[in-house]
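Data file: coords07.txt. Format and content: compact mmCIF, C-alpha atoms.
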```
# COMPACT_ATOMS: atom_id res chain seq x y z
CA MET H 238 101.91 144.99 140.58
CA LYS H 239 100.58 141.44 140.90
CA LYS H 240 99.55 141.39 137.24
CA GLU H 241 103.04 142.41 136.19
CA THR H 242 104.59 139.61 138.29
CA PHE H 243 102.10 137.12 136.87
CA TYR H 244 102.92 138.14 133.30
CA LYS H 245 106.67 137.95 133.92
CA ALA H 246 106.33 134.49 135.47
CA SER H 247 104.15 133.36 132.53
CA ILE H 248 106.68 134.65 130.01
CA PHE H 249 109.55 132.85 131.74
CA PHE H 250 107.48 129.65 131.99
CA LEU H 251 106.57 129.73 128.28
CA LEU H 252 110.16 130.53 127.37
CA ALA H 253 111.34 127.52 129.39
CA VAL H 254 108.75 125.27 127.71
CA ASN H 255 109.90 126.47 124.26
CA LEU H 256 113.54 125.82 125.10
CA VAL H 257 112.69 122.30 126.28
CA LEU H 258 110.72 121.60 123.09
CA ILE H 259 113.53 122.94 120.91
CA SER H 260 116.12 120.83 122.70
CA ILE H 261 113.96 117.70 122.40
CA GLY H 262 113.50 118.36 118.68
CA THR H 263 117.23 118.89 118.21
CA ILE H 264 118.08 115.66 120.03
CA HIS H 265 115.48 113.79 117.98
CA LEU H 266 116.92 115.11 114.69
CA ALA H 267 120.44 114.21 115.76
CA LYS H 268 119.40 110.62 116.50
CA GLY H 269 117.46 110.23 113.24
CA HIS H 270 120.21 111.78 111.13
CA ASP H 271 120.93 108.63 109.03
CA HIS H 272 117.91 109.09 106.81
CA ILE H 273 119.05 112.61 105.96
CA MET H 274 122.45 111.47 104.65
CA HIS H 275 122.99 111.23 100.93
CA PRO H 276 122.47 107.63 99.73
CA LYS H 277 125.98 107.40 98.30
CA GLU H 278 127.51 108.44 101.62
CA THR H 279 125.24 106.03 103.48
CA ALA H 280 126.51 103.21 101.25
CA LYS H 281 130.08 104.12 102.14
CA GLU H 282 129.22 103.87 105.82
CA ILE H 283 127.15 100.67 105.60
CA LEU H 284 129.66 98.79 103.46
CA GLN H 285 132.72 100.26 105.23
CA LEU H 286 134.27 101.20 101.89
CA ASP H 287 137.78 102.58 101.65
CA GLU H 288 138.45 105.60 99.41
CA LYS H 289 139.34 103.56 96.32
CA GLN H 290 136.23 101.40 96.70
CA HIS H 291 134.11 104.48 97.32
CA THR H 292 135.36 106.08 94.09
CA LEU H 293 134.53 102.91 92.16
CA PHE H 294 131.15 102.73 93.89
CA LEU H 295 130.36 106.33 92.90
CA ASP H 296 131.19 105.53 89.27
CA LEU H 297 128.90 102.50 89.37
CA ALA H 298 126.15 104.47 91.07
CA ASN H 299 126.33 107.35 88.58
CA ASP H 300 126.19 104.93 85.64
CA HIS H 301 123.22 103.16 87.20
CA ILE H 302 121.40 106.45 87.80
CA LYS H 303 121.92 107.41 84.15
CA LYS H 304 120.51 104.06 83.01
CA MET H 305 117.48 104.38 85.29
CA ASN H 306 116.84 107.93 84.08
CA ALA H 307 117.01 106.76 80.45
CA PHE H 308 114.54 103.95 81.21
CA ASP H 309 112.23 106.42 82.95
CA GLN H 310 112.35 108.75 79.95
CA GLU H 311 111.40 105.90 77.61
CA GLN H 312 108.45 105.02 79.82
CA LYS H 313 107.34 108.65 80.01
CA LYS H 314 107.38 108.87 76.20
CA LEU H 315 105.19 105.78 75.96
CA LEU H 316 102.71 107.08 78.51
CA SER H 317 102.57 110.62 77.18
CA GLY H 318 101.97 109.29 73.66
CA TYR H 319 99.18 107.07 74.89
CA PHE H 320 97.46 109.75 76.96
CA ALA H 321 97.88 112.36 74.24
CA GLN H 322 95.40 110.29 72.26
CA THR H 323 92.66 111.11 74.74
CA TYR H 324 92.33 114.46 72.92
CA ASP H 325 91.83 112.75 69.57
CA SER H 326 89.00 110.22 69.81
CA ASN H 327 89.59 109.07 66.20
CA ASN H 328 93.07 107.78 67.01
CA VAL H 329 92.70 105.21 69.79
CA THR H 330 95.55 102.81 70.55
CA ASN H 331 95.04 99.51 72.31
CA ILE H 332 96.40 99.70 75.87
CA ASP H 333 98.41 96.51 75.31
CA SER H 334 100.46 98.30 72.67
CA VAL H 335 101.73 100.54 75.51
CA LEU H 336 101.75 98.05 78.38
CA VAL H 337 103.93 95.48 76.63
CA PRO H 338 106.84 97.85 75.86
CA TYR H 339 106.37 99.55 79.24
CA SER H 340 106.68 96.15 80.95
CA VAL H 341 109.76 95.31 78.88
CA ILE H 342 111.41 98.51 80.10
CA GLU H 343 110.39 97.72 83.68
CA LYS H 344 112.00 94.29 83.33
CA GLN H 345 115.17 95.95 82.02
CA LYS H 346 115.18 98.24 85.06
CA LEU H 347 114.93 95.25 87.40
CA GLN H 348 117.69 93.36 85.58
CA SER H 349 119.90 96.43 85.52
CA THR H 350 119.43 97.01 89.23
CA LYS H 351 120.22 93.38 90.00
CA GLU H 352 123.41 93.61 87.93
CA HIS H 353 124.29 96.88 89.63
CA LEU H 354 124.00 95.22 93.05
CA LYS H 355 126.17 92.32 91.86
CA ASP H 356 128.79 94.79 90.62
CA ILE H 357 128.81 96.47 94.01
CA LYS H 358 129.26 93.11 95.71
CA LYS H 359 132.30 92.46 93.50
CA LEU H 360 133.91 95.62 94.90
CA LEU H 361 133.86 94.26 98.43
CA ARG H 362 136.67 92.51 100.22
CA GLU H 363 135.99 89.27 102.10
CA ASP H 364 135.79 91.12 105.44
CA GLN H 365 133.10 93.48 104.04
CA LEU H 366 130.76 90.88 102.56
CA HIS H 367 128.74 90.53 105.75
CA TYR H 368 127.66 94.20 105.32
CA TYR H 369 126.26 93.53 101.86
CA GLN H 370 122.81 92.33 102.95
CA ASP H 371 122.36 95.41 105.15
CA PHE H 372 123.24 97.54 102.14
CA VAL H 373 120.73 95.71 99.91
CA ASP H 374 118.01 96.04 102.57
CA HIS H 375 118.71 99.76 102.97
CA SER H 376 118.71 100.25 99.19
CA LEU H 377 115.40 98.47 98.79
CA LYS H 378 113.83 100.63 101.48
CA MET H 379 114.97 103.71 99.60
CA ILE H 380 113.83 102.42 96.21
CA LEU H 381 110.47 101.16 97.38
CA GLY H 382 109.94 104.16 99.63
CA LYS H 383 110.27 106.49 96.65
CA SER H 384 107.61 104.69 94.67
CA ARG H 385 104.97 104.58 97.40
CA ASN H 386 102.02 106.90 97.24
CA ARG H 387 102.56 109.04 100.31
CA ARG H 388 99.14 110.67 100.25
CA PRO H 389 96.21 108.92 101.88
CA PRO H 390 93.51 107.76 99.47
CA LYS H 391 90.68 110.18 98.83
CA LYS H 392 87.56 109.52 100.84
CA ASP H 393 84.45 108.72 98.90
CA PHE H 394 81.58 110.66 100.46
CA HIS H 395 79.02 109.42 97.95
CA ASN H 396 78.49 105.98 99.52
```
Could you quickly redo this structure as structure tokens?
Amino acid sequence: MKKETFYKASIFFLLAVNLVLISIGTIHLAKGHDHIMHPKETAKEILQLDEKQHTLFLDLANDHIKKMNAFDQEQKKLLSGYFAQTYDSNNVTNIDSVLVPYSVIEKQKLQSTKEHLKDIKKLLREDQLHYYQDFVDHSLKMILGKSRNRRPPKKDFHN
């Protein structure tokens, strides 16, 4: 009978621990919920946009996304063409012939993003302008966070 009581007490204890862990996890997710929001909705909140401004913002954002995707496709074509040559050793292209146009496209992406941010700033009323820098900071975190290599570097065991 003592074993049965011990097992029942253990089950209730483990159940209580699980419930506590689940509730802590739920509270933690609720607090950190901003990073889960869609970027376009986050912009609406950060900049305190009204519905008309939000509609205009969405149009600007969609146009910008299309431009960035087109730039990315151009860069992918350049890179795939260059690396396709690794199969054919007779046809070797100088790396500069790829890097120069790739860099030009990268410059266009930077200029386009800067113009996009200026266009967003033009949407704002005077009382919203003080939110603009927070929006730019948040946007840069998202942009730069996407481009980071999230995996740790491979360890070299041959040293």
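Between atom CA of Phe372 of chain H and atom CA of Ala307 of chain H the interatomic distance comes to 24.4 Å.
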Which of H:Leu284, H:Ile380, H:Ile302, H:Ile259 sits closest to Arg362 of chain H [using all atoms listed in the file]: H:Leu284
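Take atom CA of His301 of chain H and atom CA of Val373 of chain H: the distance between them is 14.9 Å.
Taking atom CA of Ser340 of chain H as the reference point, atom CA of Gly382 of chain H is found at 20.6 Å.
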Neighbour list for Thr350 of chain H as JSON, numbers by chain, cut-off 10 Å, all atoms listed in the file, skip fewer than 5 positions in-chain: {"H": [301, 302, 304, 305, 344, 345, 355, 356]}
